[in-house]
Amino acid sequence: MLRVAVVGSGPSGVYTAQALVTQTLVPDVRVHVLDRLPCPYGLVRYGVAPDHEKIKSLQQSLRAVLEHERVTFVGNVPVGGDGVPPGRLGALYHAVVYCVGAAADRPLGIPGEELPGSHSATEFVSWYSAHPDAEAGRFALRARSAVVIGVGNVAVDVARILARGAEELRPTDVPQPALGVLAGSRVREVHMAGRRGPSQARFTTKELRELGGLPGARIVVDPAELALDPAYAGSPPDGPALPAVVRRNLDVLRTWAACPPGPDIDRARTVALRFFLRPVELLERRGRVAGVRFARTVPDGRGGVRDTGAYEDIGAELVLRAVGYRGMPLPGLPFDAVRATVPHLAGRVLRDGVPSPGEYVAGWIKRGPTGVIGSNRSCAKETVASLIEDAPLLAGRPAAADPLGVLRSWGLRPVEWDGWLSIERAERTLGRSLGRGPVKIPDWPGLLGAARGDTPAP
Ligand code: NAP
């Protein structure tokens, strides 16, 4: 028997567990999927936007893995930092696979970034996703104008949530306090700005198109900014050199640019998609953010941009920085500070360039924060192939007969699958009491109480 711990129950952790129990070379692999939260599914629960029900429904297939007879979910067990050091965890299992994601935000590194009113998109996402570490009162949405910096899918998510009416979010699992704030939101203009051109935007077409479908929002695209882009102006739009996603994105943007919406009293909000604007400073008024100063850029002919010397200020009392995630070092594990990933060889953790017995990585902490959820499946398979190849060596390492008993003896209070099912029941009860579907419990005491079987207060 091979005992393996997987640290992290997001998609990469669960796909790793799945690959471990479905491979046939080593038949008896037992997997504990550890998470510092009492809830499984990582970014599928705490990152995928609440109005993306189809992606959220992936939880059903992740659930089937966590209910596999040789897989055990073990929540409320932090690893690294104030939690269990990797060295101690490694002594309980034949192998540990770290699937801890990329939890930090990439900094912008410009003046004013820390002003009140300036937040990372992750803070906003955590707030509307009911992450128990998010401050419930963090966002009041009294701003009339918001700037979202970055043109990736996270930028599109936060722009869409800002532009969507609260009534449309009511059927989702958005926590009740956030729904109340969204209902009273004064945000009328959302400006999403990319430092490069539309053909270098990182969003995908489905997500982009969705903005145009928002019933309460008008989309504004400046044709002059599209025309600057060589992919728009120079190469034929259907030319073979253009990746399909770029071609599709340009088609959508062109359509919006060609049909500027008239003033429409039914459409309370405007989403402006802006390009060739490099943020250089967050502007301040009375100690709070008042806008963003952008340097105007033009293509440099090599896929990048150069400044033109001109600037544009966009007024905003709310700034969300959606410029990508970044992996965080896990004390006790090696870390490549430049790539913000754990150094590895096909998933085997490298210490001083040499594979470290029994230590593996998968997901964003292995390859960086890129790709869609499904990308984690092949990433996990590669890591598991390495682990299974090492199995004869790993089986010779000591492992605890009852790792959960040892964790408890160290003072930890693991939440197992029954505890999670109890949280799910409590969220359904909470939703019913509010006349809604399941509603997420947004705080630690509420989640841990629910795991013990308490009924949450509405
Ligand atoms: P991302 O795709 O890497 O996009 C980051 C954006 O920030 C880019 O537009 C980038 O521009 C810009 N940026 C980076 N540094 C900047 C700076 N210093 N100043 C100005 N702009 C800067 O990251 P993400 O949006 O956080 O998404 C992370 C991953 O999650 C992606 O793989 C994404 O597809 C995935 N995701 C998917 C969905 C979905 O499928 N619905 C939803 C959310 C997230 P440059 O290109 O010029 O660097």
# chains A, B, ... in the order shown; residues from 1 in each chain; ligands from 1

call {"tool": "residues_near_ligand", "arguments": {"ligand": "ligand 1", "cutoff": "8 Å", "atoms": "only C-alpha atoms and all ligand atoms", "output": "ChimeraX atom specification"}}
result
/A:47-49,52,55,106-109,149-157,193-196,200-204,207,278-279,304,322-325,369-373

call {"tool": "write_last_selection", "arguments": {"atoms": "N, CA and C atoms", "output": "short mmCIF file (atom, residue, chain, number, x, y, z; two decimals), in the first residue's frame"}}
result
data_model
loop_
_atom_site.label_atom_id
_atom_site.label_comp_id
_atom_site.auth_asym_id
_atom_site.auth_seq_id
_atom_site.Cartn_x
_atom_site.Cartn_y
_atom_site.Cartn_z
N GLY A 47 -13.10 30.95 -6.47
CA GLY A 47 -12.52 31.77 -7.52
C GLY A 47 -13.43 31.89 -8.73
N VAL A 48 -14.03 30.78 -9.13
CA VAL A 48 -14.95 30.82 -10.28
C VAL A 48 -16.12 31.72 -9.90
N ALA A 49 -16.46 32.64 -10.81
CA ALA A 49 -17.50 33.62 -10.49
C ALA A 49 -18.84 32.93 -10.24
N HIS A 52 -21.09 31.87 -13.07
CA HIS A 52 -20.60 30.86 -14.02
C HIS A 52 -21.02 29.47 -13.55
N ILE A 55 -19.33 26.25 -15.04
CA ILE A 55 -17.99 25.89 -14.55
C ILE A 55 -18.10 25.42 -13.10
N ARG A 106 -0.05 39.44 -8.16
CA ARG A 106 1.15 40.08 -8.71
C ARG A 106 1.05 41.58 -8.39
N PRO A 107 2.10 42.17 -7.85
CA PRO A 107 1.99 43.61 -7.57
C PRO A 107 2.19 44.43 -8.85
N LEU A 108 1.60 45.64 -8.86
CA LEU A 108 1.79 46.54 -10.01
C LEU A 108 3.11 47.29 -9.87
N GLY A 109 3.45 47.62 -8.61
CA GLY A 109 4.71 48.33 -8.35
C GLY A 109 4.66 49.78 -8.82
N ILE A 149 -7.69 47.08 -13.83
CA ILE A 149 -6.41 47.06 -14.56
C ILE A 149 -6.10 45.62 -14.97
N GLY A 150 -5.86 45.43 -16.27
CA GLY A 150 -5.59 44.09 -16.79
C GLY A 150 -6.72 43.66 -17.71
N VAL A 151 -6.39 42.83 -18.69
CA VAL A 151 -7.41 42.32 -19.62
C VAL A 151 -7.31 40.80 -19.74
N GLY A 152 -7.29 40.14 -18.57
CA GLY A 152 -7.36 38.68 -18.52
C GLY A 152 -8.76 38.27 -18.10
N ASN A 153 -8.96 36.97 -17.88
CA ASN A 153 -10.30 36.49 -17.52
C ASN A 153 -10.73 36.94 -16.13
N VAL A 154 -9.75 37.15 -15.23
CA VAL A 154 -10.13 37.65 -13.90
C VAL A 154 -10.66 39.07 -14.02
N ALA A 155 -10.00 39.89 -14.85
CA ALA A 155 -10.48 41.26 -15.09
C ALA A 155 -11.91 41.23 -15.62
N VAL A 156 -12.17 40.32 -16.57
CA VAL A 156 -13.53 40.22 -17.13
C VAL A 156 -14.52 39.81 -16.04
N ASP A 157 -14.11 38.85 -15.20
CA ASP A 157 -15.00 38.41 -14.11
C ASP A 157 -15.40 39.57 -13.22
N ALA A 193 -8.76 48.19 -18.52
CA ALA A 193 -7.67 48.72 -19.34
C ALA A 193 -6.51 47.73 -19.48
N GLY A 194 -6.08 47.53 -20.73
CA GLY A 194 -4.92 46.69 -21.02
C GLY A 194 -3.74 47.55 -21.43
N ARG A 195 -2.54 47.14 -21.04
CA ARG A 195 -1.38 47.97 -21.40
C ARG A 195 -0.94 47.72 -22.85
N ARG A 196 -1.35 46.56 -23.39
CA ARG A 196 -1.03 46.26 -24.79
C ARG A 196 -2.32 46.31 -25.61
N GLN A 200 -3.37 41.14 -27.93
CA GLN A 200 -2.56 40.53 -26.86
C GLN A 200 -3.36 40.33 -25.58
N ALA A 201 -4.65 40.66 -25.62
CA ALA A 201 -5.47 40.50 -24.42
C ALA A 201 -5.52 39.02 -24.04
N ARG A 202 -5.60 38.76 -22.75
CA ARG A 202 -5.54 37.36 -22.29
C ARG A 202 -6.93 36.74 -22.09
N PHE A 203 -7.99 37.55 -22.24
CA PHE A 203 -9.31 36.95 -22.00
C PHE A 203 -9.67 36.00 -23.13
N THR A 204 -10.60 35.09 -22.83
CA THR A 204 -11.07 34.16 -23.86
C THR A 204 -12.40 34.69 -24.41
N GLU A 207 -15.82 34.44 -22.51
CA GLU A 207 -15.90 35.35 -21.36
C GLU A 207 -16.10 36.78 -21.84
N ARG A 278 -0.94 52.00 -20.20
CA ARG A 278 -0.07 51.38 -19.18
C ARG A 278 -0.20 52.19 -17.88
N PRO A 279 -0.65 51.53 -16.79
CA PRO A 279 -0.84 52.29 -15.55
C PRO A 279 0.51 52.76 -15.00
N GLY A 304 5.23 43.78 -28.02
CA GLY A 304 5.15 44.63 -26.83
C GLY A 304 4.64 46.01 -27.18
N ALA A 322 -6.18 43.54 -11.64
CA ALA A 322 -6.35 42.14 -12.07
C ALA A 322 -5.19 41.77 -12.98
N VAL A 323 -3.96 41.81 -12.42
CA VAL A 323 -2.78 41.62 -13.27
C VAL A 323 -2.11 40.27 -13.04
N GLY A 324 -2.88 39.31 -12.57
CA GLY A 324 -2.37 37.95 -12.46
C GLY A 324 -2.07 37.54 -11.03
N TYR A 325 -2.03 36.23 -10.85
CA TYR A 325 -1.69 35.65 -9.54
C TYR A 325 -0.20 35.39 -9.49
N PRO A 369 0.53 30.43 -12.83
CA PRO A 369 -0.93 30.60 -12.91
C PRO A 369 -1.45 30.82 -14.32
N THR A 370 -1.45 29.75 -15.11
CA THR A 370 -1.93 29.87 -16.48
C THR A 370 -2.86 28.70 -16.82
N GLY A 371 -3.60 28.88 -17.88
CA GLY A 371 -4.42 27.80 -18.41
C GLY A 371 -5.78 27.74 -17.75
N VAL A 372 -6.63 26.90 -18.33
CA VAL A 372 -7.98 26.74 -17.80
C VAL A 372 -7.98 25.58 -16.80
N ILE A 373 -9.12 25.36 -16.16
CA ILE A 373 -9.18 24.34 -15.11
C ILE A 373 -8.71 22.99 -15.64
#

call {"tool": "select_by_dssp", "arguments": {"residues": "stretch 228-381 of chain A", "states": "strand (DSSP E)", "output": "PyMOL selection string"}}
result
chain A and resi 269-274+277-285+288-299+305-315+318-321+325-326+344-345+348-351+354-361

call {"tool": "residues_around", "arguments": {"residues": "stretch 268-271 of chain A", "least_positions_apart": "2", "cutoff": "8 Å", "atoms": "only C-alpha atoms", "output": "list of chain:residue names"}}
result
A:Ala159, A:Ala163, A:Val187, A:Arg188, A:Glu189, A:Val190, A:His191, A:Met192, A:Gly216, A:Ala217, A:Arg218, A:Ile219, A:Val220, A:Asp264, A:Ile265, A:Asp266, A:Leu273

call {"tool": "residues_around", "arguments": {"residues": "stretch 414-426 of chain A", "least_positions_apart": "5", "cutoff": "9 Å", "atoms": "only C-alpha atoms", "output": "PyMOL selection string"}}
result
chain A and resi 34+37-40+66-67+72-77+404+407-408+431+438-441+446-456

call {"tool": "closest_residue", "arguments": {"among": "A:Pro243, A:Pro175, A:Gly42, A:Gly137", "to": "A:Glu123", "atoms": "only C-alpha atoms"}}
result
A:Gly137

call {"tool": "atom_distance", "arguments": {"atom1": "atom CA of A:Thr383", "atom2": "atom CA of A:Gly353"}}
result
17.0 Å

call {"tool": "closest_residue", "arguments": {"among": "A:Leu393, A:Val96, A:Ala257, A:Leu250", "to": "A:Thr16", "atoms": "only C-alpha atoms"}}
result
A:Val96

call {"tool": "residues_around", "arguments": {"residues": "A:Gly315", "least_positions_apart": "3", "cutoff": "10 Å", "atoms": "only C-alpha atoms", "output": "ChimeraX atom specification"}}
result
/A:144-147,191,282-283,289-293,312,318-319

call {"tool": "closest_residue", "arguments": {"among": "A:Leu162, A:Val26, A:Ala136, A:Leu387", "to": "A:Ala5", "atoms": "only C-alpha atoms"}}
result
A:Leu387

call {"tool": "residues_around", "arguments": {"residues": "A:Ala183", "least_positions_apart": "2", "cutoff": "10 Å", "atoms": "only C-alpha atoms", "output": "list in words"}}
result
Leu141, Arg164, Gly165, Ala166, Glu167, Leu169, Arg170, Pro177, Ala178, Leu179, Gly180, Val181, Ser185 and Arg186 of chain A

call {"tool": "write_last_selection", "arguments": {"atoms": "N, CA, C and O atoms", "output": "PDB file, in the first residue's frame"}}
result
ATOM      1  N   LEU A 141     -18.852  49.642  -2.322  1.00  0.00           N
ATOM      2  CA  LEU A 141     -19.283  49.974  -3.697  1.00  0.00           C
ATOM      3  C   LEU A 141     -20.029  51.314  -3.750  1.00  0.00           C
ATOM      4  O   LEU A 141     -21.097  51.424  -4.353  1.00  0.00           O
ATOM      5  N   ARG A 164     -23.122  43.730 -13.346  1.00  0.00           N
ATOM      6  CA  ARG A 164     -24.344  42.927 -13.307  1.00  0.00           C
ATOM      7  C   ARG A 164     -25.260  43.431 -12.194  1.00  0.00           C
ATOM      8  O   ARG A 164     -24.784  43.819 -11.136  1.00  0.00           O
ATOM      9  N   GLY A 165     -26.535  43.374 -12.400  1.00  0.00           N
ATOM     10  CA  GLY A 165     -27.465  43.753 -11.338  1.00  0.00           C
ATOM     11  C   GLY A 165     -27.500  42.693 -10.253  1.00  0.00           C
ATOM     12  O   GLY A 165     -27.320  41.506 -10.532  1.00  0.00           O
ATOM     13  N   ALA A 166     -27.734  43.119  -9.011  1.00  0.00           N
ATOM     14  CA  ALA A 166     -27.758  42.167  -7.901  1.00  0.00           C
ATOM     15  C   ALA A 166     -28.871  41.136  -8.081  1.00  0.00           C
ATOM     16  O   ALA A 166     -28.718  39.982  -7.675  1.00  0.00           O
ATOM     17  N   GLU A 167     -29.991  41.563  -8.709  1.00  0.00           N
ATOM     18  CA  GLU A 167     -31.111  40.618  -8.869  1.00  0.00           C
ATOM     19  C   GLU A 167     -30.694  39.394  -9.675  1.00  0.00           C
ATOM     20  O   GLU A 167     -31.153  38.288  -9.439  1.00  0.00           O
ATOM     21  N   LEU A 169     -27.824  38.120  -9.572  1.00  0.00           N
ATOM     22  CA  LEU A 169     -26.923  37.295  -8.766  1.00  0.00           C
ATOM     23  C   LEU A 169     -27.665  36.607  -7.608  1.00  0.00           C
ATOM     24  O   LEU A 169     -27.118  35.726  -6.958  1.00  0.00           O
ATOM     25  N   ARG A 170     -28.878  37.028  -7.381  1.00  0.00           N
ATOM     26  CA  ARG A 170     -29.654  36.468  -6.269  1.00  0.00           C
ATOM     27  C   ARG A 170     -29.800  34.943  -6.354  1.00  0.00           C
ATOM     28  O   ARG A 170     -29.663  34.257  -5.349  1.00  0.00           O
ATOM     29  N   PRO A 177     -24.418  39.161   2.747  1.00  0.00           N
ATOM     30  CA  PRO A 177     -23.931  40.538   2.943  1.00  0.00           C
ATOM     31  C   PRO A 177     -23.399  41.143   1.636  1.00  0.00           C
ATOM     32  O   PRO A 177     -23.664  42.308   1.333  1.00  0.00           O
ATOM     33  N   ALA A 178     -22.690  40.355   0.832  1.00  0.00           N
ATOM     34  CA  ALA A 178     -22.163  40.872  -0.439  1.00  0.00           C
ATOM     35  C   ALA A 178     -23.307  41.189  -1.397  1.00  0.00           C
ATOM     36  O   ALA A 178     -23.278  42.199  -2.109  1.00  0.00           O
ATOM     37  N   LEU A 179     -24.348  40.358  -1.395  1.00  0.00           N
ATOM     38  CA  LEU A 179     -25.498  40.608  -2.281  1.00  0.00           C
ATOM     39  C   LEU A 179     -26.145  41.948  -1.919  1.00  0.00           C
ATOM     40  O   LEU A 179     -26.527  42.731  -2.795  1.00  0.00           O
ATOM     41  N   GLY A 180     -26.237  42.213  -0.614  1.00  0.00           N
ATOM     42  CA  GLY A 180     -26.813  43.490  -0.152  1.00  0.00           C
ATOM     43  C   GLY A 180     -25.993  44.667  -0.658  1.00  0.00           C
ATOM     44  O   GLY A 180     -26.537  45.658  -1.158  1.00  0.00           O
ATOM     45  N   VAL A 181     -24.666  44.556  -0.571  1.00  0.00           N
ATOM     46  CA  VAL A 181     -23.789  45.643  -1.030  1.00  0.00           C
ATOM     47  C   VAL A 181     -23.913  45.796  -2.550  1.00  0.00           C
ATOM     48  O   VAL A 181     -24.018  46.916  -3.067  1.00  0.00           O
ATOM     49  N   SER A 185     -25.056  49.052  -4.927  1.00  0.00           N
ATOM     50  CA  SER A 185     -23.865  49.579  -5.606  1.00  0.00           C
ATOM     51  C   SER A 185     -24.178  50.858  -6.381  1.00  0.00           C
ATOM     52  O   SER A 185     -25.185  50.943  -7.081  1.00  0.00           O
ATOM     53  N   ARG A 186     -23.269  51.844  -6.259  1.00  0.00           N
ATOM     54  CA  ARG A 186     -23.443  53.084  -7.041  1.00  0.00           C
ATOM     55  C   ARG A 186     -22.581  53.086  -8.301  1.00  0.00           C
ATOM     56  O   ARG A 186     -22.519  54.092  -9.002  1.00  0.00           O
TER      57      ARG A 186
END

call {"tool": "atom_distance", "arguments": {"atom1": "atom CA of A:Ala395", "atom2": "atom CA of A:His94"}}
result
6.3 Å

call {"tool": "atom_distance", "arguments": {"atom1": "atom CA of A:Ala17", "atom2": "atom CA of A:Phe335"}}
result
23.3 Å

call {"tool": "residues_around", "arguments": {"residues": "A:Pro343", "least_positions_apart": "3", "cutoff": "10 Å", "atoms": "only C-alpha atoms", "output": "JSON, numbers by chain"}}
result
{"A": [333, 334, 335, 336, 337, 339, 340, 346, 347, 348, 349, 350, 351, 352, 353, 354, 355, 360, 361, 365, 366, 367]}

call {"tool": "write_last_selection", "arguments": {"atoms": "N, CA, C and O atoms", "output": "PDB file, in the first residue's frame"}}
result
ATOM      1  N   LEU A 333       9.659  24.198   1.749  1.00  0.00           N
ATOM      2  CA  LEU A 333       9.778  23.688   0.381  1.00  0.00           C
ATOM      3  C   LEU A 333      10.657  24.639  -0.419  1.00  0.00           C
ATOM      4  O   LEU A 333      10.595  25.859  -0.192  1.00  0.00           O
ATOM      5  N   PRO A 334      11.443  24.151  -1.352  1.00  0.00           N
ATOM      6  CA  PRO A 334      12.239  25.081  -2.171  1.00  0.00           C
ATOM      7  C   PRO A 334      11.335  25.963  -3.027  1.00  0.00           C
ATOM      8  O   PRO A 334      10.183  25.588  -3.302  1.00  0.00           O
ATOM      9  N   PHE A 335      11.834  27.130  -3.419  1.00  0.00           N
ATOM     10  CA  PHE A 335      11.003  28.077  -4.173  1.00  0.00           C
ATOM     11  C   PHE A 335      11.883  28.839  -5.144  1.00  0.00           C
ATOM     12  O   PHE A 335      12.966  29.314  -4.775  1.00  0.00           O
ATOM     13  N   ASP A 336      11.426  28.940  -6.375  1.00  0.00           N
ATOM     14  CA  ASP A 336      12.127  29.741  -7.374  1.00  0.00           C
ATOM     15  C   ASP A 336      11.447  31.114  -7.389  1.00  0.00           C
ATOM     16  O   ASP A 336      10.331  31.265  -7.898  1.00  0.00           O
ATOM     17  N   ALA A 337      12.121  32.107  -6.776  1.00  0.00           N
ATOM     18  CA  ALA A 337      11.482  33.414  -6.583  1.00  0.00           C
ATOM     19  C   ALA A 337      11.230  34.129  -7.903  1.00  0.00           C
ATOM     20  O   ALA A 337      10.344  34.977  -7.980  1.00  0.00           O
ATOM     21  N   ARG A 339      10.384  32.668 -10.952  1.00  0.00           N
ATOM     22  CA  ARG A 339       9.190  32.086 -11.586  1.00  0.00           C
ATOM     23  C   ARG A 339       8.011  32.001 -10.625  1.00  0.00           C
ATOM     24  O   ARG A 339       6.882  31.724 -11.027  1.00  0.00           O
ATOM     25  N   ALA A 340       8.287  32.173  -9.319  1.00  0.00           N
ATOM     26  CA  ALA A 340       7.263  32.015  -8.277  1.00  0.00           C
ATOM     27  C   ALA A 340       6.605  30.637  -8.351  1.00  0.00           C
ATOM     28  O   ALA A 340       5.385  30.489  -8.272  1.00  0.00           O
ATOM     29  N   ALA A 346       9.450  17.157 -14.011  1.00  0.00           N
ATOM     30  CA  ALA A 346       8.239  16.368 -14.295  1.00  0.00           C
ATOM     31  C   ALA A 346       7.421  16.139 -13.020  1.00  0.00           C
ATOM     32  O   ALA A 346       6.878  15.058 -12.806  1.00  0.00           O
ATOM     33  N   GLY A 347       7.380  17.160 -12.164  1.00  0.00           N
ATOM     34  CA  GLY A 347       6.562  17.082 -10.950  1.00  0.00           C
ATOM     35  C   GLY A 347       7.346  16.682  -9.705  1.00  0.00           C
ATOM     36  O   GLY A 347       6.847  16.826  -8.586  1.00  0.00           O
ATOM     37  N   ARG A 348       8.591  16.166  -9.869  1.00  0.00           N
ATOM     38  CA  ARG A 348       9.415  15.817  -8.693  1.00  0.00           C
ATOM     39  C   ARG A 348      10.062  17.092  -8.178  1.00  0.00           C
ATOM     40  O   ARG A 348      10.759  17.791  -8.930  1.00  0.00           O
ATOM     41  N   VAL A 349       9.843  17.401  -6.886  1.00  0.00           N
ATOM     42  CA  VAL A 349      10.427  18.613  -6.308  1.00  0.00           C
ATOM     43  C   VAL A 349      11.954  18.488  -6.319  1.00  0.00           C
ATOM     44  O   VAL A 349      12.505  17.431  -5.949  1.00  0.00           O
ATOM     45  N   LEU A 350      12.608  19.555  -6.775  1.00  0.00           N
ATOM     46  CA  LEU A 350      14.072  19.553  -6.810  1.00  0.00           C
ATOM     47  C   LEU A 350      14.616  20.337  -5.629  1.00  0.00           C
ATOM     48  O   LEU A 350      14.231  21.491  -5.414  1.00  0.00           O
ATOM     49  N   ARG A 351      15.469  19.713  -4.864  1.00  0.00           N
ATOM     50  CA  ARG A 351      16.218  20.430  -3.815  1.00  0.00           C
ATOM     51  C   ARG A 351      17.665  20.488  -4.278  1.00  0.00           C
ATOM     52  O   ARG A 351      18.266  19.449  -4.519  1.00  0.00           O
ATOM     53  N   ASP A 352      18.176  21.691  -4.406  1.00  0.00           N
ATOM     54  CA  ASP A 352      19.528  21.899  -4.955  1.00  0.00           C
ATOM     55  C   ASP A 352      19.716  21.145  -6.269  1.00  0.00           C
ATOM     56  O   ASP A 352      20.752  20.509  -6.505  1.00  0.00           O
ATOM     57  N   GLY A 353      18.674  21.165  -7.074  1.00  0.00           N
ATOM     58  CA  GLY A 353      18.765  20.562  -8.411  1.00  0.00           C
ATOM     59  C   GLY A 353      18.559  19.067  -8.436  1.00  0.00           C
ATOM     60  O   GLY A 353      18.600  18.458  -9.502  1.00  0.00           O
ATOM     61  N   VAL A 354      18.336  18.442  -7.260  1.00  0.00           N
ATOM     62  CA  VAL A 354      18.217  16.983  -7.214  1.00  0.00           C
ATOM     63  C   VAL A 354      16.800  16.614  -6.739  1.00  0.00           C
ATOM     64  O   VAL A 354      16.293  17.213  -5.779  1.00  0.00           O
ATOM     65  N   PRO A 355      16.135  15.624  -7.405  1.00  0.00           N
ATOM     66  CA  PRO A 355      14.784  15.233  -6.958  1.00  0.00           C
ATOM     67  C   PRO A 355      14.781  14.819  -5.489  1.00  0.00           C
ATOM     68  O   PRO A 355      15.633  14.049  -5.045  1.00  0.00           O
ATOM     69  N   TYR A 360       6.447  16.093  -4.334  1.00  0.00           N
ATOM     70  CA  TYR A 360       5.990  16.359  -5.704  1.00  0.00           C
ATOM     71  C   TYR A 360       5.154  17.634  -5.734  1.00  0.00           C
ATOM     72  O   TYR A 360       4.680  18.096  -4.689  1.00  0.00           O
ATOM     73  N   VAL A 361       4.965  18.176  -6.917  1.00  0.00           N
ATOM     74  CA  VAL A 361       4.089  19.338  -7.092  1.00  0.00           C
ATOM     75  C   VAL A 361       3.212  19.148  -8.330  1.00  0.00           C
ATOM     76  O   VAL A 361       3.597  18.454  -9.280  1.00  0.00           O
ATOM     77  N   ILE A 365       1.360  25.905  -8.681  1.00  0.00           N
ATOM     78  CA  ILE A 365       2.630  26.060  -7.960  1.00  0.00           C
ATOM     79  C   ILE A 365       3.753  25.333  -8.722  1.00  0.00           C
ATOM     80  O   ILE A 365       4.932  25.581  -8.527  1.00  0.00           O
ATOM     81  N   LYS A 366       3.353  24.469  -9.653  1.00  0.00           N
ATOM     82  CA  LYS A 366       4.326  23.746 -10.483  1.00  0.00           C
ATOM     83  C   LYS A 366       4.611  24.505 -11.782  1.00  0.00           C
ATOM     84  O   LYS A 366       5.756  24.657 -12.191  1.00  0.00           O
ATOM     85  N   ARG A 367       3.541  25.028 -12.424  1.00  0.00           N
ATOM     86  CA  ARG A 367       3.757  25.581 -13.775  1.00  0.00           C
ATOM     87  C   ARG A 367       3.403  27.056 -13.900  1.00  0.00           C
ATOM     88  O   ARG A 367       3.509  27.639 -14.975  1.00  0.00           O
TER      89      ARG A 367
END

call {"tool": "select_by_dssp", "arguments": {"residues": "stretch 328-450 of chain A", "states": "helix (DSSP H, G or I)", "output": "number ranges by chain"}}
result
A: 364-367, 375-389, 391-394, 403-409, 417-433, 444-450

call {"tool": "closest_atom_pairs", "arguments": {"of": "stretch 79-142 of chain A", "to": "stretch 171-174 of chain A", "cutoff": "12 Å", "atoms": "only C-alpha atoms", "output": "tab-separated table"}}
result
residue	atom	partner	partner_atom	distance
A:Val125	CA	A:Val174	CA	10.7
A:Ser126	CA	A:Val174	CA	10.7
A:Trp127	CA	A:Val174	CA	9.2
A:Tyr128	CA	A:Val174	CA	6.0
A:Ser129	CA	A:Val174	CA	6.2
A:Ala130	CA	A:Val174	CA	7.1
A:His131	CA	A:Val174	CA	10.6

call {"tool": "closest_residue", "arguments": {"among": "A:Leu211, A:Leu345, A:Leu62, A:Ala102", "to": "A:Gly374", "atoms": "only C-alpha atoms"}}
result
A:Leu62
